[in-house]
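Heads up, the thing below is written out as structure tokens.
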Amino acid sequence: MLENLIENVDYEWVELPSKGECYPHKKSRVPVGYLRAIDENIMVSSKYILSQTVCDELLRLKILDKDFNPDTLCVGDRNAILVWLRRTGYSDTIVNPTTNQEIDLSTLKYKDFNLKGDENGYFSYLLDNGDVIKYRLLTHSDEQGIIEKLKDNTDEMETAIMLECIVSYNGSESKSEIKEYIHNLSEMQTENFLKYIITTNPDIDFNGIDIAIDDSLFTELNKINSFE
């Protein structure tokens, strides 16, 4: 049993914005270990800082249920765990270095999410012509890959997102057929689909809050005495 494997570790169950619907196992919460002083070794490591993988390493170390692969967490669940680690490891308060806005992390809430994933963790979208698209939620690495691939060519952003998240249409899983299908969608169909996946995406509700959920959550702590 999982509880037996982690019985000697201080941890807490973190509820996930996705409610586990984007994973085959459908687990709606995950046990995450508390940050400890030794974890500062990750936060000050030039190796992880330069490769921008501080958050990735912390997630690999602190997620205690190995049914959850840190690399395949949907973005919203990843954000929720990282915010929890930042809050419990240091404090509820963070300051945006650009705007000097002080943010109380304890006030952050999850967006409403009521979609049901299939046995693979995929979701369905019905087009106006009756076509059924199956799509998956993007991961952090998916998003970074799209940004790196396109760089300054943002005109292809919509297509790149759809190619990454759509896994089938009307039962066809052929990558080449999906690509052709996407290119044949009308502008309105594309716009409606992208709007749908953005508005229904499980995550923390960042409306009106300017905060980066990245390594800066933890590397900024290098400048102060972060842990008691």
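Chain labels run A, B, ... following the order of the structure tokens; each chain numbers its residues from 1, and ligands are numbered from 1 in the order shown.
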
Report as CSV: every residue of region 70-174 of chain A with an atom at most 9 Å from region 55-61 of chain A, its closest pair of atoms, and their distance in Å to one decimal, counting only C-alpha atoms, with rows sorted by chain and ascending residue number.
```
residue,atom,partner,partner_atom,distance
A:Pro70,CA,A:Arg60,CA,6.0
A:Asp71,CA,A:Asp56,CA,7.7
A:Arg78,CA,A:Leu59,CA,8.4
A:Ile81,CA,A:Leu59,CA,8.0
A:Leu82,CA,A:Cys55,CA,7.4
A:Leu85,CA,A:Leu58,CA,8.9
```

Selection export as a PDB file, in the first residue's frame, atoms kept: N, CA, C and O atoms:
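Result file follows (selection30.pdb):
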```pdb
ATOM      1  N   PRO A  70       6.036  13.261 -13.001  1.00  0.00           N
ATOM      2  CA  PRO A  70       6.144  14.725 -13.049  1.00  0.00           C
ATOM      3  C   PRO A  70       6.205  15.284 -14.465  1.00  0.00           C
ATOM      4  O   PRO A  70       5.765  16.406 -14.713  1.00  0.00           O
ATOM      5  N   ASP A  71       6.743  14.492 -15.397  1.00  0.00           N
ATOM      6  CA  ASP A  71       6.878  14.957 -16.776  1.00  0.00           C
ATOM      7  C   ASP A  71       5.550  14.956 -17.526  1.00  0.00           C
ATOM      8  O   ASP A  71       5.427  15.620 -18.561  1.00  0.00           O
ATOM      9  N   ARG A  78       0.457  20.605 -12.169  1.00  0.00           N
ATOM     10  CA  ARG A  78       1.844  20.985 -11.882  1.00  0.00           C
ATOM     11  C   ARG A  78       1.886  22.313 -11.128  1.00  0.00           C
ATOM     12  O   ARG A  78       2.588  22.449 -10.127  1.00  0.00           O
ATOM     13  N   ILE A  81       0.756  21.897  -7.408  1.00  0.00           N
ATOM     14  CA  ILE A  81       1.746  21.263  -6.536  1.00  0.00           C
ATOM     15  C   ILE A  81       2.895  22.221  -6.232  1.00  0.00           C
ATOM     16  O   ILE A  81       3.364  22.316  -5.088  1.00  0.00           O
ATOM     17  N   LEU A  82       3.345  22.957  -7.238  1.00  0.00           N
ATOM     18  CA  LEU A  82       4.449  23.893  -7.034  1.00  0.00           C
ATOM     19  C   LEU A  82       4.057  25.030  -6.090  1.00  0.00           C
ATOM     20  O   LEU A  82       4.856  25.447  -5.238  1.00  0.00           O
ATOM     21  N   LEU A  85       4.101  23.611  -2.618  1.00  0.00           N
ATOM     22  CA  LEU A  85       5.474  23.474  -2.125  1.00  0.00           C
ATOM     23  C   LEU A  85       6.037  24.827  -1.695  1.00  0.00           C
ATOM     24  O   LEU A  85       6.702  24.938  -0.665  1.00  0.00           O
TER      25      LEU A  85
END
```

Among the residues of chain A, find those DSSP assigns to strand (DSSP E) from the backbone and print them as a ChimeraX atom specification.
/A:11-15,29-33,93-95,102-104,123-126,132-135,166-169

Residue set, region 1-227 of chain A restricted to alpha helix (DSSP H), as a PyMOL selection string:
chain A and resi 2-5+40-43+46-50+54-62+75-89+140-150+157-165+175-184+187-200+216-219

Pick from A:Tyr125, A:Glu180, A:Thr159, A:Glu173: nearest to Asn192 (chain A), with only C-alpha atoms counted?
A:Tyr125

My list of candidates is A:Arg136, A:Leu126, A:Trp13, A:Asn114. Which is closest to Leu64 (chain A) when distances are computed with only C-alpha atoms?
A:Trp13

Take CA of Thr93 (chain A) and CA of Ser106 (chain A) and report the distance between them in Å, one decimal.
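Distance reported for this atom pair: 8.1 Å.
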
So, counting only C-alpha atoms, which residue among A:Gly89, A:Ala212, A:Lys175, A:Ile182 is closest to Ile38 (chain A)?
A:Gly89

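Distance-wise, CA of Asp67 (chain A) and CA of Tyr23 (chain A) end up 9.4 Å apart.
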
Option closest in space to Asn41 (chain A), from A:Gln144, A:Thr219, A:Asn201, A:Thr72 [counting only C-alpha atoms]:
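Checking each of A:Gln144, A:Thr219, A:Asn201, A:Thr72 against Asn41 (chain A), counting only C-alpha atoms, the winner is A:Thr219.
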
For each of A:Leu150, A:Val167, A:Val14, A:Ile198, take the minimum atom-to-atom distance to Val83 (chain A), counting only C-alpha atoms, then give the residue where this is smallest.
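Of all the options, A:Val14 lies closest to Val83 (chain A).
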